Amino acid sequence: MHPSSATPDPSLLAPDHPLADGRVADAPLLAALRGEQPAHRPVWFMRQAGRSLPEYREARRGTTMLESCLTPELATEITLQPVRRYGVDAAIFFSDIVVPMRLAGVGVDIAPGVGPVFERPIRTMDDVEALPQLGEPGDRGAFDTALDVIRETVRLTTAQLGETPLIGFAGAPFTLAAYMVDGRPSRDHLGARRLMLAAPDVWAALSAWTSRAAGLFLRAQVLAGASAVQLFDSWAGSLAASDYEESCLPFSAAALYAVADLPVPRIHFAAHGSHLLAPMAQAGATVMGVDYRLPLDAASRLLGGAYPLQGNVDPARLDAPADVLASHVLDVLARGAEAPGHVVNLGHGVPPETDPDQLQRVVDLVHERG
Ligand SMILES: O=C(O)CCc1c2[nH]c(c1CC(=O)O)Cc1[nH]c(c(CC(=O)O)c1CCC(=O)O)Cc1[nH]c(c(CC(=O)O)c1CCC(=O)O)Cc1[nH]c(c(CCC(=O)O)c1CC(=O)O)C2
């Protein structure tokens with residue numbers, strides 16, 4: 001089993017990093033992620049920067065998704081939009097889980113209304129061995145050079161964020177590998193799960209590659225200025241716990257280990273993953289994200305009260321009448337108070353058709369009552 005933690009060393013951060021120069025020292029988000037009780041419960045939303053915002057749709061006019069992720073000034077503006085509009089307690093880096101693969105030279109694009117689509121699905125050991133080399137942490141090879149555009153966006157964003165922390169993120173090895181095997185979004189990831197069981201050596205080699213890509217992508221974001229990270233194992237929920245522990249956990253642990261020596265909280269989240277919460281907590285995260293299917297007090301008990309939690313407003317209630325939404329948010333706050341620390345989020349990403357005014361109501365209620 002891969003080691004999952006190391007001793008964080010603040011000296012690894014540049015003096016002008018928001019954590020080093022004190023800019024984010026009093027941020028409620030970081031206090032809650034450390035398991036403390038800040039003056040108010042912090043809140044942010046997965047996919048807060050995106051299609052639900054008119055200003056996003058305006059800013060994206062005439063550009064493809066990946067162009068917008070790889071144009072520093074545009075990605076910075078999009079990351080800042082929800083912080084300005086809602087007053088949320090965190091920015092999440094506007095990017096996508098396939099960006100590191102694109103930067104590595106893998107043929108992938110994001111088709112609107114579909115999601116990631118790969119030119120060549122990965123099915124054999126030859127396919128894996130033909131993937132671009134990524135190098136080791138600290139190597140100045142082609143991939144590390146390609147990550148400079150990410151570093152530039154993080155720097156531009158944190159220069160404008162002031163006291164609001166930036167969360168860097170990556171897709172987890174299983175979710176990335178599932179896209180690469182299936183070649184496009186899939187509901188049950190049967191192609192990936194079949195390969196995992198039929199050719200475990202190919203699956204392990206691919207997962208080692210996606211784990212390295214995710215880990216280097218996270219590390220680049222933190223060293224450039226991100227003050228926390230989130231590893232999205234969006235689709236691990238399609239796995240049985242035994243398959244997850246056997247074929248995925250070691251690779252998620254390796255991805256998180258890539259930033260374990262840096263003094264930043266590490267959030268780990270899987271949609272539909274309540275049955276995996278305990279094994280996922282062994283991957284080396286310091287905070288667990290919970291989707292909307294498992295109440296936070298039950299999640300905290302399941303984890304022995306050992307982890308601050310993030311979540312878990314049900315996205316479906318964002319369309320409900322204001323009083324129904326309010327009572328649901330108050331219930332999430334009450335249950336979240338059972339955990340050592342609580343960051344309010346949705347139980348999955350903001351649905352594109354969400355009314356921004358409803359998200360504003362959630363932020364105001366959490367800041368008032370949280
Ligand atoms: O059409 C557009 O404008 C691009 C849509 C968009 C993408 N990534 C995006 C956005 C902005 C937004 O969500 O509105 C932007 C995006 N992708 C992601 C995040 C991180 C987060 O959720 O806060 C974000 C938001 C970043 C931010 O708020 O700053 C990461 C991501 N991309 C992806 C996944 C895995 C997944 O959801 O399948 C995940 C993990 C997040 C999750 O589990 O919800 C893959 C992906 N990327 C994308 C899509 C959507 C394709 C579509 O429905 O048009 C999809 C597939 C899907 O969502 O079903 C493209």
# chains A, B, ... in the order shown; residues from 1 in each chain; ligands from 1
call {"tool": "residues_near_ligand", "arguments": {"ligand": "ligand 1", "cutoff": "6 Å", "atoms": "only C-alpha atoms and all ligand atoms", "output": "PDB file with C-alpha atoms, in the first residue's frame"}}
result
ATOM      1  CA  MET A  46     -18.555  22.509  -7.154  1.00  0.00           C
ATOM      2  CA  ARG A  47     -18.946  23.852 -10.699  1.00  0.00           C
ATOM      3  CA  GLN A  48     -19.695  27.330  -9.288  1.00  0.00           C
ATOM      4  CA  ALA A  49     -17.894  28.799 -12.292  1.00  0.00           C
ATOM      5  CA  GLY A  50     -19.844  27.570 -15.264  1.00  0.00           C
ATOM      6  CA  ARG A  51     -22.932  27.425 -17.377  1.00  0.00           C
ATOM      7  CA  MET A  65     -13.932  24.704 -23.268  1.00  0.00           C
ATOM      8  CA  THR A  79     -12.682  31.514 -11.693  1.00  0.00           C
ATOM      9  CA  ILE A  92     -12.104  26.651  -7.381  1.00  0.00           C
ATOM     10  CA  PHE A  93      -9.624  26.775 -10.211  1.00  0.00           C
ATOM     11  CA  PHE A  94     -11.506  26.897 -13.485  1.00  0.00           C
ATOM     12  CA  SER A  95     -10.161  23.889 -15.310  1.00  0.00           C
ATOM     13  CA  ASP A  96     -11.297  20.403 -16.083  1.00  0.00           C
ATOM     14  CA  ILE A  97     -10.215  16.917 -15.151  1.00  0.00           C
ATOM     15  CA  ILE A 110     -14.536  18.322 -24.458  1.00  0.00           C
ATOM     16  CA  PRO A 112     -20.383  20.508 -25.447  1.00  0.00           C
ATOM     17  CA  GLY A 113     -23.321  18.635 -23.988  1.00  0.00           C
ATOM     18  CA  VAL A 114     -21.243  15.428 -23.969  1.00  0.00           C
ATOM     19  CA  GLY A 115     -18.033  15.920 -21.999  1.00  0.00           C
ATOM     20  CA  PRO A 116     -14.535  14.501 -22.488  1.00  0.00           C
ATOM     21  CA  PHE A 232     -12.556  14.316  -7.680  1.00  0.00           C
ATOM     22  CA  SER A 234     -16.556  11.496  -9.575  1.00  0.00           C
ATOM     23  CA  HIS A 348     -22.412  17.251  -6.630  1.00  0.00           C
ATOM     24  CA  GLY A 349     -21.694  20.004  -9.150  1.00  0.00           C
ATOM     25  CA  PRO A 352     -26.135  24.137 -15.579  1.00  0.00           C
TER      26      PRO A 352
END
call {"tool": "select_by_dssp", "arguments": {"residues": "region 68-274 of chain A", "states": "alpha helix (DSSP H)", "output": "PyMOL selection string"}}
result
chain A and resi 68-69+72-86+99-104+125-129+142-146+148-161+173-182+190-198+200-224+241-247+249-257
call {"tool": "residues_around", "arguments": {"residues": "Trp203 (chain A)", "least_positions_apart": "5", "cutoff": "10 Å", "atoms": "only C-alpha atoms", "output": "VMD selection string"}}
result
chain A and resid 122 to 125 128 174 177 to 178 181 192 to 198 208 to 209 247 to 248
call {"tool": "write_last_selection", "arguments": {"atoms": "C-alpha atoms", "output": "CSV table (one decimal), in the first residue's frame"}}
result
chain,number,residue,atom,x,y,z
A,122,ILE,CA,-6.9,2.9,-24.1
A,123,ARG,CA,-7.4,-0.9,-24.2
A,124,THR,CA,-4.0,-2.7,-24.2
A,125,MET,CA,-0.6,-2.5,-22.6
A,128,VAL,CA,-0.6,2.5,-22.1
A,174,PHE,CA,-10.1,5.9,-11.5
A,177,ALA,CA,-8.8,6.1,-16.4
A,178,ALA,CA,-12.5,5.3,-16.9
A,181,VAL,CA,-10.8,3.3,-21.5
A,192,ALA,CA,-13.2,0.4,-17.5
A,193,ARG,CA,-14.5,-2.1,-15.0
A,194,ARG,CA,-14.2,-5.0,-17.4
A,195,LEU,CA,-10.6,-4.0,-18.2
A,196,MET,CA,-9.8,-3.7,-14.5
A,197,LEU,CA,-10.9,-7.3,-14.0
A,198,ALA,CA,-9.8,-8.9,-17.3
A,208,ALA,CA,-0.2,4.6,-12.4
A,209,TRP,CA,-0.1,7.0,-15.4
A,247,SER,CA,-7.7,-1.6,-7.9
A,248,CYS,CA,-8.1,2.1,-7.2
call {"tool": "residues_around", "arguments": {"residues": "Val264 (chain A)", "least_positions_apart": "6", "cutoff": "9 Å", "atoms": "only C-alpha atoms", "output": "list of chain:residue names"}}
result
A:Pro8, A:Leu19, A:Leu30, A:Val222, A:Ala226, A:Ser227, A:Ala228, A:Val229
call {"tool": "atom_distance", "arguments": {"atom1": "CA of Leu302 (chain A)", "atom2": "CA of Met280 (chain A)"}}
result
12.0 Å
call {"tool": "residues_around", "arguments": {"residues": "Ala14 (chain A)", "least_positions_apart": "4", "cutoff": "10 Å", "atoms": "only C-alpha atoms", "output": "number ranges by chain"}}
result
A: 10, 18-21, 223-225
call {"tool": "write_last_selection", "arguments": {"atoms": "C-alpha atoms", "output": "CSV table (one decimal), in the first residue's frame"}}
result
chain,number,residue,atom,x,y,z
A,10,PRO,CA,5.8,25.2,4.8
A,18,PRO,CA,-1.0,33.2,-0.1
A,19,LEU,CA,-0.4,30.7,2.8
A,20,ALA,CA,3.2,32.0,3.3
A,21,ASP,CA,2.5,35.7,3.2
A,223,LEU,CA,3.2,25.6,-5.6
A,224,ALA,CA,1.8,28.4,-7.8
A,225,GLY,CA,-0.6,29.6,-5.1
call {"tool": "residues_around", "arguments": {"residues": "region 342-347 of chain A", "least_positions_apart": "3", "cutoff": "6 Å", "atoms": "only C-alpha atoms", "output": "list in words"}}
result
Ala32, Pro42, Val43, Trp44, Phe45, Asp291, Tyr292, Pro308, Leu309, Gln310, Gly311, Asn312, Val313, Asp314 and Gly336 of chain A
call {"tool": "select_by_dssp", "arguments": {"residues": "region 11-246 of chain A", "states": "strand (DSSP E or B)", "output": "ChimeraX atom specification"}}
result
/A:43,91-92,108-111,115-118,166-171,228-232
call {"tool": "closest_residue", "arguments": {"among": "A:Pro340, A:Gly162, A:Pro263, A:Pro132", "to": "Val287 (chain A)", "atoms": "only C-alpha atoms"}}
result
A:Pro340
call {"tool": "decode", "arguments": {"residues": "region 346-359 of chain A", "atoms": "all heavy atoms", "output": "compact mmCIF listing (two decimals), in the first residue's frame"}}
result
# COMPACT_ATOMS: atom_id res chain seq x y z
N LEU A 346 -22.44 21.61 -2.36
CA LEU A 346 -23.50 20.76 -2.88
C LEU A 346 -23.03 19.32 -2.80
O LEU A 346 -21.85 19.04 -2.58
CB LEU A 346 -23.79 21.12 -4.35
CG LEU A 346 -24.23 22.55 -4.64
CD1 LEU A 346 -24.50 22.71 -6.13
CD2 LEU A 346 -25.44 22.95 -3.82
N GLY A 347 -23.96 18.39 -3.00
CA GLY A 347 -23.58 16.99 -3.01
C GLY A 347 -23.06 16.57 -4.36
O GLY A 347 -22.64 15.43 -4.54
N HIS A 348 -23.06 17.47 -5.33
CA HIS A 348 -22.41 17.25 -6.63
C HIS A 348 -22.38 18.61 -7.32
O HIS A 348 -22.75 19.61 -6.72
CB HIS A 348 -23.18 16.20 -7.46
CG HIS A 348 -22.32 15.58 -8.53
ND1 HIS A 348 -22.76 14.58 -9.35
CD2 HIS A 348 -21.04 15.83 -8.91
CE1 HIS A 348 -21.80 14.23 -10.19
NE2 HIS A 348 -20.74 14.98 -9.93
N GLY A 349 -21.91 18.70 -8.53
CA GLY A 349 -21.69 20.00 -9.15
C GLY A 349 -22.98 20.78 -9.40
O GLY A 349 -24.08 20.21 -9.45
N VAL A 350 -22.85 22.10 -9.55
CA VAL A 350 -24.01 22.96 -9.84
C VAL A 350 -24.62 22.55 -11.18
O VAL A 350 -23.93 22.56 -12.19
CB VAL A 350 -23.59 24.45 -9.91
CG1 VAL A 350 -24.74 25.32 -10.40
CG2 VAL A 350 -23.07 24.95 -8.55
N PRO A 351 -25.90 22.19 -11.22
CA PRO A 351 -26.53 21.86 -12.51
C PRO A 351 -26.55 23.10 -13.41
O PRO A 351 -26.81 24.21 -12.90
CB PRO A 351 -27.95 21.42 -12.13
CG PRO A 351 -27.87 21.06 -10.67
CD PRO A 351 -26.82 21.96 -10.08
N PRO A 352 -26.25 22.96 -14.69
CA PRO A 352 -26.14 24.14 -15.58
C PRO A 352 -27.35 25.07 -15.58
O PRO A 352 -27.20 26.27 -15.75
CB PRO A 352 -25.95 23.52 -16.97
CG PRO A 352 -25.49 22.13 -16.74
CD PRO A 352 -26.02 21.70 -15.42
N GLU A 353 -28.57 24.50 -15.32
CA GLU A 353 -29.77 25.34 -15.43
C GLU A 353 -30.14 25.99 -14.09
O GLU A 353 -31.22 26.57 -13.95
CB GLU A 353 -30.94 24.49 -15.95
CG GLU A 353 -31.38 23.36 -15.02
CD GLU A 353 -30.43 22.15 -15.07
OE1 GLU A 353 -29.49 22.12 -15.90
OE2 GLU A 353 -30.65 21.22 -14.26
N THR A 354 -29.24 25.90 -13.12
CA THR A 354 -29.55 26.44 -11.79
C THR A 354 -29.74 27.95 -11.82
O THR A 354 -28.99 28.66 -12.50
CB THR A 354 -28.41 26.08 -10.82
OG1 THR A 354 -28.29 24.66 -10.77
CG2 THR A 354 -28.67 26.62 -9.43
N ASP A 355 -30.71 28.44 -11.06
CA ASP A 355 -30.94 29.88 -10.91
C ASP A 355 -29.91 30.44 -9.92
O ASP A 355 -29.92 30.05 -8.75
CB ASP A 355 -32.37 30.10 -10.36
CG ASP A 355 -32.62 31.57 -10.01
OD1 ASP A 355 -31.72 32.41 -10.23
OD2 ASP A 355 -33.72 31.85 -9.50
N PRO A 356 -29.00 31.32 -10.38
CA PRO A 356 -27.98 31.87 -9.48
C PRO A 356 -28.56 32.49 -8.20
O PRO A 356 -27.94 32.43 -7.14
CB PRO A 356 -27.27 32.92 -10.34
CG PRO A 356 -27.50 32.49 -11.75
CD PRO A 356 -28.86 31.86 -11.75
N ASP A 357 -29.78 33.02 -8.29
CA ASP A 357 -30.38 33.63 -7.08
C ASP A 357 -30.60 32.59 -5.98
O ASP A 357 -30.52 32.90 -4.78
CB ASP A 357 -31.72 34.30 -7.41
CG ASP A 357 -31.52 35.52 -8.31
OD1 ASP A 357 -30.35 36.00 -8.40
OD2 ASP A 357 -32.49 35.99 -8.93
N GLN A 358 -30.85 31.34 -6.38
CA GLN A 358 -31.03 30.28 -5.36
C GLN A 358 -29.69 30.00 -4.66
O GLN A 358 -29.64 29.79 -3.46
CB GLN A 358 -31.57 29.00 -6.01
CG GLN A 358 -33.03 29.07 -6.42
CD GLN A 358 -33.98 28.92 -5.24
OE1 GLN A 358 -34.10 29.86 -4.43
NE2 GLN A 358 -34.63 27.79 -5.13
N LEU A 359 -28.60 30.00 -5.46
CA LEU A 359 -27.28 29.77 -4.83
C LEU A 359 -26.94 30.94 -3.90
O LEU A 359 -26.38 30.75 -2.82
CB LEU A 359 -26.22 29.58 -5.91
CG LEU A 359 -26.31 28.28 -6.71
CD1 LEU A 359 -25.28 28.28 -7.84
CD2 LEU A 359 -26.10 27.07 -5.81
